[in-house]
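Novice: Sharing target_27.cif, mmCIF, C-alpha atoms:
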```cif
data_entry
#
loop_
_atom_site.label_atom_id
_atom_site.label_comp_id
_atom_site.auth_asym_id
_atom_site.auth_seq_id
_atom_site.Cartn_x
_atom_site.Cartn_y
_atom_site.Cartn_z
CA MET A 1 -71.19 -2.76 -8.92
CA LEU A 2 -67.81 -1.48 -7.76
CA THR A 3 -65.71 -3.97 -5.77
CA ILE A 4 -63.45 -2.14 -3.32
CA THR A 5 -60.28 -3.81 -2.07
CA THR A 6 -57.59 -2.85 0.43
CA ASN A 7 -55.44 -1.75 -2.52
CA SER A 8 -58.11 0.29 -4.26
CA PHE A 9 -59.58 1.82 -1.09
CA GLU A 10 -57.49 5.01 -1.17
CA ASN A 11 -58.50 5.83 -4.76
CA ASP A 12 -62.03 4.41 -4.80
CA VAL A 13 -63.20 5.78 -1.48
CA LEU A 14 -60.91 8.30 0.22
CA ARG A 15 -60.13 10.32 -2.92
CA ALA A 16 -63.50 9.90 -4.63
CA ASP A 17 -65.09 13.09 -5.94
CA LYS A 18 -68.52 12.00 -4.64
CA PRO A 19 -69.70 10.43 -1.38
CA VAL A 20 -69.19 6.66 -1.38
CA LEU A 21 -71.71 4.20 0.08
CA VAL A 22 -69.91 0.99 1.05
CA ASP A 23 -71.58 -2.34 1.76
CA PHE A 24 -69.47 -4.64 3.97
CA TRP A 25 -70.73 -8.11 3.11
CA ALA A 26 -69.81 -11.80 2.82
CA GLN A 27 -70.96 -14.76 0.79
CA TRP A 28 -72.02 -16.70 3.90
CA CYS A 29 -74.20 -13.89 5.28
CA PRO A 30 -77.88 -14.45 4.40
CA TYR A 31 -78.98 -10.95 5.32
CA CYS A 32 -76.27 -9.54 3.02
CA ARG A 33 -77.92 -11.38 0.15
CA ARG A 34 -81.29 -10.07 1.21
CA ILE A 35 -80.27 -6.42 1.13
CA ALA A 36 -78.25 -6.77 -2.11
CA PRO A 37 -81.14 -6.11 -4.55
CA ALA A 38 -82.18 -3.01 -2.58
CA PHE A 39 -78.55 -1.83 -2.32
CA ASP A 40 -78.07 -2.25 -6.09
CA LYS A 41 -81.29 -0.34 -6.80
CA VAL A 42 -80.28 2.48 -4.47
CA GLY A 43 -76.87 2.60 -6.21
CA GLU A 44 -78.65 3.11 -9.56
CA GLN A 45 -81.16 5.64 -8.27
CA TYR A 46 -78.51 7.72 -6.49
CA ALA A 47 -75.87 7.45 -9.22
CA ASP A 48 -75.77 11.26 -9.56
CA THR A 49 -75.26 11.76 -5.83
CA LEU A 50 -72.92 8.97 -4.78
CA ILE A 51 -70.86 5.94 -5.71
CA ALA A 52 -71.94 2.55 -4.36
CA GLY A 53 -69.39 -0.21 -3.78
CA LYS A 54 -68.87 -3.44 -1.89
CA ILE A 55 -66.14 -4.67 0.43
CA ASN A 56 -65.88 -8.41 1.08
CA TYR A 57 -65.59 -9.24 4.79
CA ASP A 58 -63.47 -12.36 4.22
CA GLU A 59 -61.13 -10.93 1.61
CA GLU A 60 -60.30 -7.54 3.14
CA PRO A 61 -59.48 -8.16 6.83
CA GLN A 62 -57.38 -4.97 7.03
CA LEU A 63 -60.36 -2.79 6.11
CA ILE A 64 -62.65 -4.77 8.42
CA GLU A 65 -60.27 -4.14 11.32
CA ARG A 66 -59.63 -0.51 10.39
CA PHE A 67 -63.35 0.33 10.51
CA GLY A 68 -64.22 -1.99 13.40
CA ILE A 69 -66.83 -3.95 11.44
CA ASP A 70 -68.18 -6.70 13.71
CA THR A 71 -71.59 -7.31 12.19
CA ILE A 72 -72.54 -7.53 8.55
CA PRO A 73 -74.15 -6.26 6.50
CA THR A 74 -72.89 -2.83 7.56
CA LEU A 75 -73.39 0.11 5.23
CA MET A 76 -70.92 2.98 5.71
CA LEU A 77 -71.04 6.36 4.03
CA PHE A 78 -67.77 8.18 3.29
CA LYS A 79 -67.27 11.76 2.13
CA ASN A 80 -64.01 13.63 1.53
CA GLY A 81 -62.06 10.74 3.02
CA GLU A 82 -64.06 10.59 6.24
CA VAL A 83 -66.74 8.31 7.67
CA LEU A 84 -70.02 10.21 7.88
CA GLY A 85 -72.05 7.40 9.38
CA ALA A 86 -72.95 3.71 9.35
CA VAL A 87 -76.02 1.52 9.61
CA VAL A 88 -76.19 -2.19 10.43
CA ALA A 89 -78.66 -4.44 8.59
CA PRO A 90 -81.16 -1.85 7.34
CA ALA A 91 -84.65 -3.34 7.20
CA SER A 92 -85.81 -1.98 3.85
CA LYS A 93 -84.78 -0.09 0.72
CA ALA A 94 -86.57 2.89 2.27
CA ALA A 95 -84.37 2.54 5.39
CA ILE A 96 -81.22 2.68 3.24
CA GLU A 97 -82.49 5.84 1.55
CA THR A 98 -83.37 7.43 4.89
CA PHE A 99 -79.86 6.64 6.16
CA ILE A 100 -78.28 8.28 3.08
CA GLN A 101 -80.48 11.37 3.23
CA GLU A 102 -80.09 11.92 6.97
CA THR A 103 -76.35 11.28 6.93
CA LEU A 104 -75.66 13.57 3.98
CA ALA A 105 -77.82 16.31 5.52
CA GLN A 106 -75.74 16.41 8.73
CA MET B 1 -104.25 -6.61 -7.35
CA ILE B 2 -101.74 -5.32 -4.85
CA VAL B 3 -99.72 -7.91 -2.96
CA ILE B 4 -97.96 -6.67 0.18
CA GLY B 5 -94.88 -8.81 0.83
CA GLY B 6 -92.71 -10.86 -1.52
CA GLY B 7 -92.32 -14.09 0.44
CA PRO B 8 -93.64 -17.46 -0.73
CA ALA B 9 -97.31 -16.60 -0.09
CA GLY B 10 -97.14 -13.20 -1.81
CA CYS B 11 -95.18 -14.46 -4.81
CA THR B 12 -97.59 -17.36 -5.32
CA ALA B 13 -100.62 -15.06 -5.14
CA ALA B 14 -98.90 -12.83 -7.71
CA LEU B 15 -98.12 -15.82 -9.93
CA TYR B 16 -101.70 -17.11 -9.91
CA ALA B 17 -103.18 -13.64 -10.39
CA ALA B 18 -100.82 -12.60 -13.19
CA ARG B 19 -101.21 -15.94 -14.93
CA SER B 20 -104.99 -15.53 -14.93
CA GLY B 21 -104.68 -12.09 -16.47
CA LEU B 22 -104.96 -9.70 -13.52
CA SER B 23 -102.62 -6.73 -13.30
CA VAL B 24 -100.43 -7.34 -10.24
CA VAL B 25 -97.84 -5.41 -8.26
CA ILE B 26 -95.85 -6.92 -5.39
CA LEU B 27 -94.73 -4.39 -2.77
CA GLU B 28 -91.61 -5.77 -1.10
CA LYS B 29 -89.51 -3.66 1.25
CA LEU B 30 -86.23 -5.52 0.77
CA SER B 31 -85.96 -8.58 -1.47
CA ALA B 32 -87.95 -11.64 -2.43
CA GLY B 33 -88.31 -14.60 -0.12
CA GLY B 34 -89.32 -13.10 3.22
CA GLN B 35 -88.25 -15.08 6.28
CA MET B 36 -87.45 -18.00 4.01
CA ALA B 37 -84.63 -15.98 2.44
CA LEU B 38 -82.72 -16.24 5.72
CA THR B 39 -82.99 -20.03 5.82
CA GLU B 40 -79.82 -21.80 4.79
CA GLN B 41 -81.37 -25.01 3.57
CA ILE B 42 -84.99 -25.95 2.93
CA ASP B 43 -85.63 -29.69 2.73
CA ASN B 44 -89.39 -29.79 3.16
CA TYR B 45 -90.49 -27.93 0.05
CA PRO B 46 -91.09 -30.64 -2.52
CA GLY B 47 -89.46 -30.62 -5.94
CA PHE B 48 -85.89 -30.02 -4.76
CA GLU B 49 -84.50 -33.44 -3.98
CA ASP B 50 -81.23 -32.08 -2.58
CA GLY B 51 -82.92 -29.23 -0.75
CA ILE B 52 -82.51 -25.59 -1.75
CA ASP B 53 -81.37 -22.46 0.04
CA GLY B 54 -84.18 -20.10 0.94
CA PHE B 55 -82.84 -17.04 -0.82
CA THR B 56 -82.57 -18.85 -4.16
CA LEU B 57 -86.04 -20.32 -3.76
CA GLY B 58 -87.36 -16.81 -3.08
CA GLU B 59 -85.77 -15.49 -6.25
CA LYS B 60 -87.23 -18.37 -8.25
CA MET B 61 -90.71 -17.70 -6.84
CA GLN B 62 -90.42 -14.00 -7.68
CA GLN B 63 -89.26 -14.78 -11.22
CA SER B 64 -92.12 -17.28 -11.62
CA ALA B 65 -94.58 -14.45 -10.97
CA GLU B 66 -92.70 -11.90 -13.07
CA ARG B 67 -92.70 -14.28 -16.02
CA PHE B 68 -96.46 -13.68 -16.30
CA GLY B 69 -96.22 -9.94 -15.89
CA ALA B 70 -96.28 -9.35 -12.13
CA VAL B 71 -94.19 -6.30 -11.21
CA THR B 72 -92.09 -6.00 -8.03
CA GLU B 73 -91.59 -2.60 -6.38
CA LEU B 74 -89.08 -2.28 -3.53
CA ALA B 75 -91.53 -0.25 -1.50
CA GLU B 76 -92.15 0.03 2.22
CA VAL B 77 -95.85 0.53 2.99
CA TYR B 78 -96.55 3.37 5.44
CA LYS B 79 -100.34 3.61 5.49
CA VAL B 80 -103.26 1.63 4.11
CA SER B 81 -106.91 2.33 3.45
CA LEU B 82 -108.64 -0.95 2.69
CA SER B 83 -112.31 -0.46 3.50
CA GLY B 84 -113.55 1.08 0.24
CA ARG B 85 -113.97 -0.52 -3.19
CA ILE B 86 -110.67 1.02 -4.27
CA LYS B 87 -107.88 0.20 -1.82
CA THR B 88 -105.16 2.83 -1.39
CA LEU B 89 -101.62 2.28 -0.07
CA ASP B 90 -99.12 5.02 0.76
CA THR B 91 -95.56 3.78 0.31
CA SER B 92 -91.96 4.92 0.08
CA GLU B 93 -92.31 4.69 -3.72
CA GLY B 94 -95.59 6.59 -3.99
CA VAL B 95 -99.31 5.77 -3.83
CA PHE B 96 -100.67 2.47 -5.14
CA GLN B 97 -104.34 1.70 -5.76
CA GLY B 98 -106.06 -1.57 -6.50
CA ARG B 99 -109.41 -3.36 -6.31
CA THR B 100 -108.01 -6.27 -4.32
CA VAL B 101 -105.22 -6.48 -1.75
CA VAL B 102 -103.42 -9.61 -0.64
CA ILE B 103 -101.60 -9.18 2.66
CA ALA B 104 -98.51 -11.38 2.82
CA THR B 105 -96.42 -9.41 5.31
CA GLY B 106 -95.37 -12.47 7.30
CA ALA B 107 -93.85 -12.45 10.74
CA SER B 108 -90.51 -11.54 12.30
CA PRO B 109 -88.59 -12.57 15.42
CA ARG B 110 -90.09 -11.55 18.74
CA ILE B 111 -87.82 -9.49 20.96
CA LEU B 112 -86.98 -10.47 24.53
CA GLY B 113 -87.97 -7.10 25.97
CA VAL B 114 -85.01 -6.42 28.27
CA PRO B 115 -83.25 -3.03 28.64
CA ASP B 116 -80.68 -2.05 25.95
CA GLU B 117 -81.80 -4.91 23.69
CA GLU B 118 -82.36 -2.66 20.69
CA ALA B 119 -79.10 -0.76 21.14
CA LEU B 120 -77.12 -4.01 21.34
CA ALA B 121 -78.74 -5.59 18.28
CA GLY B 122 -75.86 -6.57 16.04
CA LYS B 123 -73.42 -5.88 18.88
CA GLY B 124 -73.68 -9.28 20.47
CA VAL B 125 -77.48 -9.54 20.40
CA HIS B 126 -78.83 -11.50 17.44
CA TYR B 127 -82.04 -13.13 16.25
CA CYS B 128 -80.82 -15.57 13.59
CA ALA B 129 -78.02 -18.08 14.15
CA ALA B 130 -77.79 -19.02 10.47
CA CYS B 131 -77.34 -15.33 9.63
CA ASP B 132 -75.06 -14.02 12.35
CA GLY B 133 -73.45 -17.14 13.80
CA ALA B 134 -70.29 -17.33 11.72
CA PRO B 135 -68.26 -14.59 13.48
CA TYR B 136 -68.60 -16.52 16.76
CA ARG B 137 -66.23 -19.29 15.74
CA GLY B 138 -64.40 -20.47 18.85
CA LYS B 139 -66.33 -18.10 21.13
CA THR B 140 -68.98 -18.48 23.82
CA VAL B 141 -72.61 -17.85 22.98
CA ALA B 142 -76.03 -18.26 24.55
CA VAL B 143 -79.37 -19.12 22.95
CA VAL B 144 -82.60 -18.01 24.64
CA GLY B 145 -85.74 -20.03 24.01
CA GLY B 146 -87.06 -23.58 24.10
CA GLY B 147 -88.88 -24.18 20.83
CA ASN B 148 -87.79 -25.68 17.53
CA SER B 149 -86.02 -22.61 16.26
CA ALA B 150 -84.10 -22.17 19.54
CA ALA B 151 -83.05 -25.83 19.39
CA ALA B 152 -82.02 -25.53 15.75
CA ASP B 153 -80.06 -22.35 16.52
CA ALA B 154 -78.28 -24.05 19.44
CA LEU B 155 -77.34 -26.96 17.18
CA THR B 156 -76.07 -24.67 14.42
CA LEU B 157 -74.03 -22.70 16.93
CA SER B 158 -72.65 -25.84 18.61
CA ARG B 159 -70.81 -26.51 15.35
CA ILE B 160 -69.29 -23.02 15.30
CA ALA B 161 -68.82 -21.75 18.83
CA GLN B 162 -66.64 -23.23 21.53
CA LYS B 163 -69.46 -23.20 24.09
CA VAL B 164 -73.23 -22.81 23.78
CA TYR B 165 -75.58 -22.15 26.71
CA LEU B 166 -79.24 -22.84 26.05
CA ILE B 167 -81.38 -20.72 28.35
CA HIS B 168 -85.00 -21.69 28.83
CA ARG B 169 -87.59 -20.56 31.34
CA ARG B 170 -89.02 -24.08 31.72
CA ASP B 171 -87.35 -27.32 32.79
CA SER B 172 -87.57 -29.06 29.42
CA LEU B 173 -87.63 -28.25 25.72
CA ARG B 174 -90.79 -27.78 23.67
CA ALA B 175 -88.73 -28.64 20.58
CA THR B 176 -89.56 -31.59 18.32
CA LYS B 177 -87.84 -34.82 19.26
CA VAL B 178 -85.40 -34.81 16.33
CA TYR B 179 -83.53 -31.98 18.03
CA HIS B 180 -83.31 -33.52 21.51
CA GLU B 181 -80.73 -36.21 21.03
CA PRO B 182 -78.14 -34.25 19.03
CA LEU B 183 -78.46 -31.39 21.53
CA MET B 184 -78.11 -33.63 24.58
CA ASN B 185 -75.12 -35.33 22.93
CA ALA B 186 -73.34 -32.16 21.86
CA PRO B 187 -70.41 -31.91 24.30
CA ASN B 188 -70.28 -28.11 24.18
CA VAL B 189 -73.97 -27.41 24.84
CA GLU B 190 -74.97 -26.67 28.43
CA PHE B 191 -78.59 -26.16 29.49
CA CYS B 192 -79.69 -23.42 31.88
CA TRP B 193 -83.21 -24.54 32.86
CA ASN B 194 -85.79 -22.44 34.68
CA SER B 195 -83.91 -19.31 33.80
CA THR B 196 -84.78 -15.97 32.25
CA VAL B 197 -82.50 -13.15 31.12
CA SER B 198 -82.94 -10.09 33.34
CA VAL B 199 -80.01 -7.92 32.22
CA LEU B 200 -77.80 -7.71 29.14
CA LEU B 201 -74.32 -7.05 30.52
CA HIS B 202 -72.29 -4.89 28.16
CA ASP B 203 -69.70 -2.21 27.54
CA ASN B 204 -69.94 -1.10 23.92
CA ARG B 205 -71.03 -4.61 23.04
CA LEU B 206 -72.48 -7.58 24.89
CA THR B 207 -70.21 -9.16 27.50
CA GLY B 208 -72.66 -11.46 29.28
CA LEU B 209 -76.11 -12.09 30.67
CA ARG B 210 -77.65 -11.85 34.13
CA LEU B 211 -79.89 -14.86 34.60
CA LYS B 212 -82.73 -15.12 37.03
CA ASP B 213 -83.95 -18.45 38.37
CA VAL B 214 -87.74 -18.46 37.91
CA ASN B 215 -88.30 -20.53 41.06
CA THR B 216 -85.90 -18.99 43.55
CA SER B 217 -85.41 -15.52 41.96
CA ALA B 218 -81.67 -16.02 42.54
CA GLU B 219 -79.53 -14.17 40.02
CA ARG B 220 -76.20 -15.11 38.50
CA ASP B 221 -73.99 -13.68 35.76
CA LEU B 222 -72.98 -15.66 32.71
CA ALA B 223 -70.14 -14.40 30.53
CA CYS B 224 -70.70 -14.76 26.79
CA ASP B 225 -69.71 -13.04 23.56
CA GLY B 226 -73.09 -13.23 21.91
CA VAL B 227 -76.70 -14.11 22.58
CA PHE B 228 -79.17 -15.47 20.02
CA ILE B 229 -82.76 -14.75 20.93
CA SER B 230 -85.25 -17.27 19.64
CA VAL B 231 -88.48 -16.76 21.54
CA GLY B 232 -91.04 -17.00 18.77
CA ARG B 233 -92.38 -14.75 16.08
CA ALA B 234 -94.63 -11.74 15.85
CA PRO B 235 -96.84 -11.04 12.81
CA ALA B 236 -96.28 -7.82 10.87
CA THR B 237 -99.81 -6.45 11.23
CA GLU B 238 -99.31 -3.02 12.83
CA LEU B 239 -100.50 -1.32 9.58
CA PHE B 240 -103.83 -3.16 9.63
CA ARG B 241 -104.76 -2.83 13.29
CA ASN B 242 -107.47 -0.21 12.61
CA GLU B 243 -109.27 -1.94 9.78
CA LEU B 244 -108.81 -5.69 10.09
CA ALA B 245 -109.83 -8.18 12.76
CA LEU B 246 -106.73 -9.59 14.48
CA ASP B 247 -106.47 -12.36 17.05
CA LYS B 248 -104.91 -11.79 20.46
CA SER B 249 -101.40 -12.54 19.15
CA GLY B 250 -101.86 -10.04 16.34
CA TYR B 251 -102.45 -12.47 13.45
CA ILE B 252 -105.06 -11.48 10.84
CA MET B 253 -108.28 -13.43 11.36
CA ALA B 254 -109.03 -15.39 8.20
CA ASP B 255 -110.04 -18.99 7.60
CA GLU B 256 -108.75 -21.33 4.91
CA SER B 257 -110.46 -19.13 2.29
CA THR B 258 -107.94 -16.39 3.29
CA ARG B 259 -110.80 -13.84 3.27
CA THR B 260 -110.57 -11.19 5.96
CA ASN B 261 -113.40 -9.18 7.48
CA LEU B 262 -113.06 -6.67 4.60
CA PRO B 263 -114.31 -7.56 1.09
CA GLY B 264 -111.49 -7.73 -1.45
CA VAL B 265 -108.79 -8.05 1.23
CA PHE B 266 -107.06 -11.41 1.74
CA ALA B 267 -104.45 -12.58 4.25
CA VAL B 268 -101.98 -15.27 3.21
CA GLY B 269 -99.02 -17.09 4.72
CA ASP B 270 -97.62 -16.63 8.22
CA VAL B 271 -99.60 -13.43 8.86
CA ARG B 272 -102.91 -15.36 8.89
CA THR B 273 -104.39 -17.35 11.77
CA LYS B 274 -103.52 -20.97 10.92
CA ALA B 275 -102.32 -24.22 12.40
CA LEU B 276 -99.09 -24.76 10.48
CA ARG B 277 -96.75 -22.03 9.25
CA GLN B 278 -94.59 -23.54 6.52
CA VAL B 279 -93.52 -22.62 2.99
CA VAL B 280 -95.92 -25.20 1.53
CA THR B 281 -98.90 -23.86 3.46
CA ALA B 282 -97.94 -20.28 2.55
CA VAL B 283 -97.87 -20.96 -1.19
CA SER B 284 -101.17 -22.80 -0.90
CA ASP B 285 -102.72 -19.69 0.68
CA GLY B 286 -101.51 -17.61 -2.26
CA ALA B 287 -103.37 -19.77 -4.76
CA VAL B 288 -106.54 -19.87 -2.65
CA ALA B 289 -106.55 -16.08 -2.22
CA VAL B 290 -106.53 -15.54 -5.97
CA HIS B 291 -109.44 -17.96 -6.40
CA TYR B 292 -111.54 -15.90 -3.98
CA ALA B 293 -110.23 -12.60 -5.34
CA GLU B 294 -111.45 -13.56 -8.82
CA GLU B 295 -114.83 -14.53 -7.37
CA TYR B 296 -114.98 -11.17 -5.58
CA LEU B 297 -114.04 -9.25 -8.73
CA ALA B 298 -116.65 -11.14 -10.78
CA GLU B 299 -119.37 -10.32 -8.26
CA ASN B 300 -118.41 -6.65 -7.95
CA ARG B 301 -118.11 -5.42 -11.50
#
```
Just dump the structure as structure tokens.

Specialist:
Amino acid sequence: MLTITTNSFENDVLRADKPVLVDFWAQWCPYCRRIAPAFDKVGEQYADTLIAGKINYDEEPQLIERFGIDTIPTLMLFKNGEVLGAVVAPASKAAIETFIQETLAQ
Amino acid sequence: MIVIGGGPAGCTAALYAARSGLSVVILEKLSAGGQMALTEQIDNYPGFEDGIDGFTLGEKMQQSAERFGAVTELAEVYKVSLSGRIKTLDTSEGVFQGRTVVIATGASPRILGVPDEEALAGKGVHYCAACDGAPYRGKTVAVVGGGNSAAADALTLSRIAQKVYLIHRRDSLRATKVYHEPLMNAPNVEFCWNSTVSVLLHDNRLTGLRLKDVNTSAERDLACDGVFISVGRAPATELFRNELALDKSGYIMADESTRTNLPGVFAVGDVRTKALRQVVTAVSDGAVAVHYAEEYLAENR
């Protein structure tokens, strides 16, 4: 799983040649742990369509502030350097997939 | 056997069934552990003398079942047909069929039912202090409820936030005694008795609560950065409403045998009518369900 940092953000996300699904998470966040297996699985299943990566809430305060993240886990989908959409604490793997499909279809 | 839900009850049913040679799939919408996975520390599940965090225990239970061949699918169930000999489930990952079904869908936090509650979820409105409490360091929060989980949430938050209001519609707590003293002694916890929340004050996120006095109907506004709602749990039984007998709170009617009104369908853990909803009673249900499932399979060859 790709770890995205403030330094790598430009290259990993903004200039990526595919949409990027970012998971804002932290070690102390129980629900982040809960969605991790589903997020990883979605990353594998959608490997042809998008890149999945994680941003640590505690380690990347600049990115947290820049995107106004105030609740985690937040999943955010980027394409061509722009935010397409975000979802907070999706309830199931199916909900993550629905978010991706609906957001990419816009 | 199809097990719906990968919490302690579901994983134990899968373990017992797989270990006795049945072919088992667990349908879990997110990850193993269920509600337990959101519990920071579990001290009343024997065998872990220092306690264990709920997420790790969930993973261990899942792996215990998988060791004997149980398979986990990250599937959300959309529709069930449980009345016939072959049970059919429509899910996000396709159709599953089995001769027995164990329902282990558990329960989830009950909502307060005030306007804008859903829209503000995650924007100042929360249902789990252990999960969402950390960002409120040094801030002002409120907890709504008067039971054990509300008391535990208030205590957790009193160690993080600058100020905690505990809002309860009665004039005393229903919580177990162990919570009373630390709560009463916490200098930053203030009780708002006989009060209900009538309005969630907000701009783009929560800014405060309008409280209503249940005796006088007088209203007052309380500024806070976050509110943690802890007013009980609701069973996840919407899918089964048409086929299974539920009690008035929505729990699946089944006695200690875990058998429901439909042959070959069993209800285990928090989703079942029972006196005590704990991890130990959930895992016990899982084992019992498999005993009766084997009996059912033997009688219906």

Novice: Write out as a PDB file with C-alpha atoms, in the frame of the given file every residue belonging to chain B that has an atom at most 6 Å from any atom of chain A, counting only C-alpha atoms.

Specialist:
```
ATOM      1  CA  LYS B  29     -89.510  -3.660   1.250  1.00  0.00           C
ATOM      2  CA  LEU B  30     -86.230  -5.520   0.770  1.00  0.00           C
ATOM      3  CA  SER B  31     -85.960  -8.580  -1.470  1.00  0.00           C
ATOM      4  CA  LEU B  38     -82.720 -16.240   5.720  1.00  0.00           C
ATOM      5  CA  GLY B 122     -75.860  -6.570  16.040  1.00  0.00           C
ATOM      6  CA  CYS B 131     -77.340 -15.330   9.630  1.00  0.00           C
TER       7      CYS B 131
END
```

Novice: Excluding Lys54 of chain A and its own-chain neighbours fewer than 6 positions away, which residues fall within 9 Å of it when counting only C-alpha atoms? Please give them as a ChimeraX atom specification.

Specialist: /A:1-5,21-25

Novice: May I ask for the distance between atom CA of Val268 of chain B and atom CA of Ser83 of chain B, given in Å to one decimal place?

Specialist: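 Separation between atom CA of Val268 of chain B and atom CA of Ser83 of chain B: 18.1 Å.
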
Novice: Can you tell me how far atom CA of Phe240 of chain B sits from atom CA of Val3 of chain B, in Å to one decimal?

Specialist: 14.1 Å

Novice: Determine the residue membership of the PyMOL selection byres ((chain B and resi 123) around 12) for the file above and supply it as a PyMOL selection string.

Specialist: (chain A and resi 68-72+74+88-89) or (chain B and resi 116-122+124-127+132+135-136+200-208+225-228)

Novice: Taking the file as I've supplied it (selection: the PyMOL selection byres ((chain B and resi 9) around 7)), which residues are included? Please answer as a count of residues only.

Specialist: 13

Novice: Could you tell me, as a list in words, exactly which residues end up selected when the PyMOL selection byres ((chain B and resi 58) around 10) is applied to this structure?

Specialist: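 With the PyMOL selection byres ((chain B and resi 58) around 10) on this model, the match is Gly6, Gly7, Pro8, Cys11, Ser31, Ala32, Gly33, Gly34, Gln35, Met36, Ala37, Leu38, Asp53, Gly54, Phe55, Thr56, Leu57, Glu59, Lys60, Met61, Gln62, Gln63 and Ser64 of chain B.
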
Novice: Excluding Phe96 of chain B and its own-chain neighbours fewer than 3 positions away, which residues fall within 12 Å of it when counting all atoms listed in the file? Please give them as a JSON list (two decimals) with C-alpha atoms, in the frame of the given file.

Specialist:
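File written: part.json
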```
[["chain", "number", "residue", "atom", "x", "y", "z"],
["B", 1, "MET", "CA", -104.25, -6.61, -7.35],
["B", 2, "ILE", "CA", -101.74, -5.32, -4.85],
["B", 3, "VAL", "CA", -99.72, -7.91, -2.96],
["B", 4, "ILE", "CA", -97.96, -6.67, 0.18],
["B", 24, "VAL", "CA", -100.43, -7.34, -10.24],
["B", 25, "VAL", "CA", -97.84, -5.41, -8.26],
["B", 26, "ILE", "CA", -95.85, -6.92, -5.39],
["B", 27, "LEU", "CA", -94.73, -4.39, -2.77],
["B", 73, "GLU", "CA", -91.59, -2.60, -6.38],
["B", 75, "ALA", "CA", -91.53, -0.25, -1.50],
["B", 76, "GLU", "CA", -92.15, 0.03, 2.22],
["B", 77, "VAL", "CA", -95.85, 0.53, 2.99],
["B", 78, "TYR", "CA", -96.55, 3.37, 5.44],
["B", 79, "LYS", "CA", -100.34, 3.61, 5.49],
["B", 80, "VAL", "CA", -103.26, 1.63, 4.11],
["B", 81, "SER", "CA", -106.91, 2.33, 3.45],
["B", 82, "LEU", "CA", -108.64, -0.95, 2.69],
["B", 86, "ILE", "CA", -110.67, 1.02, -4.27],
["B", 87, "LYS", "CA", -107.88, 0.20, -1.82],
["B", 88, "THR", "CA", -105.16, 2.83, -1.39],
["B", 89, "LEU", "CA", -101.62, 2.28, -0.07],
["B", 90, "ASP", "CA", -99.12, 5.02, 0.76],
["B", 91, "THR", "CA", -95.56, 3.78, 0.31],
["B", 92, "SER", "CA", -91.96, 4.92, 0.08],
["B", 93, "GLU", "CA", -92.31, 4.69, -3.72],
["B", 99, "ARG", "CA", -109.41, -3.36, -6.31],
["B", 100, "THR", "CA", -108.01, -6.27, -4.32],
["B", 101, "VAL", "CA", -105.22, -6.48, -1.75]]
```

Novice: Pick the closest to Gln278 of chain B from B:Asn44, B:Ser20, B:Ser195, B:Ser257: which is it, counting only C-alpha atoms?

Specialist: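 Among B:Asn44, B:Ser20, B:Ser195, B:Ser257, it is B:Asn44 that comes nearest to Gln278 of chain B.
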
Novice: Atom CA of Thr105 of chain B and atom CA of Val271 of chain B are how many Å apart?

Specialist: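 Separating atom CA of Thr105 of chain B from atom CA of Val271 of chain B is a distance of 6.2 Å.
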
Novice: Taking into account all atoms listed in the file, which residue in the set A:Ala47, A:Ile55, A:Ala105, A:Leu14 is nearest to Gln27 of chain A?

Specialist: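 Answer, going by the shortest atom-to-atom distance: A:Ile55.
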
Novice: Each side padded by 8 Å, which centre and which edge lengths in Å (one decimal) define the axis-aligned box around the listed atoms of segment 31-36 of chain A? Give them as JSON.

Specialist:
```
{"center_x": -78.8, "center_y": -8.9, "center_z": 1.6, "size_x": 21.0, "size_y": 21.0, "size_z": 23.4}
```

Novice: Taking into account all atoms listed in the file, which residue in the set B:Gly5, B:Gly98, B:Gly133, B:Gly147 is nearest to Val164 of chain B?

Specialist: B:Gly133

Novice: Fewer than 3 positions away in the same chain doesn't count, so skip those; otherwise give me all residues within 10 Å of Asp221 of chain B, counting all atoms listed in the file, as an MDAnalysis selection string.

Specialist: chainID B and resid 197:201 208:212 224

Novice: Next, write the just-selected residues to a file, as a PDB file, keeping the file's coordinate frame, keeping C-alpha atoms as the atom set.

Specialist:
```
ATOM      1  CA  VAL B 197     -82.500 -13.150  31.120  1.00  0.00           C
ATOM      2  CA  SER B 198     -82.940 -10.090  33.340  1.00  0.00           C
ATOM      3  CA  VAL B 199     -80.010  -7.920  32.220  1.00  0.00           C
ATOM      4  CA  LEU B 200     -77.800  -7.710  29.140  1.00  0.00           C
ATOM      5  CA  LEU B 201     -74.320  -7.050  30.520  1.00  0.00           C
ATOM      6  CA  GLY B 208     -72.660 -11.460  29.280  1.00  0.00           C
ATOM      7  CA  LEU B 209     -76.110 -12.090  30.670  1.00  0.00           C
ATOM      8  CA  ARG B 210     -77.650 -11.850  34.130  1.00  0.00           C
ATOM      9  CA  LEU B 211     -79.890 -14.860  34.600  1.00  0.00           C
ATOM     10  CA  LYS B 212     -82.730 -15.120  37.030  1.00  0.00           C
ATOM     11  CA  CYS B 224     -70.700 -14.760  26.790  1.00  0.00           C
TER      12      CYS B 224
END
```

Novice: Write out as a list in words the residues lying within 7 Å of Ala26 of chain A, counting all atoms listed in the file and excluding same-chain residues fewer than 4 positions away.

Specialist: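 Final neighbour list, sorted by chain and number: Cys32, Asn56, Tyr57 and Asp58 of chain A.
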
Novice: At a cut-off of 9 Å, using all atoms listed in the file, what residues contact Asp43 of chain B? Leave out same-chain residues fewer than 5 positions from it and give the result as a PyMOL selection string.

Specialist: chain B and resi 48-53
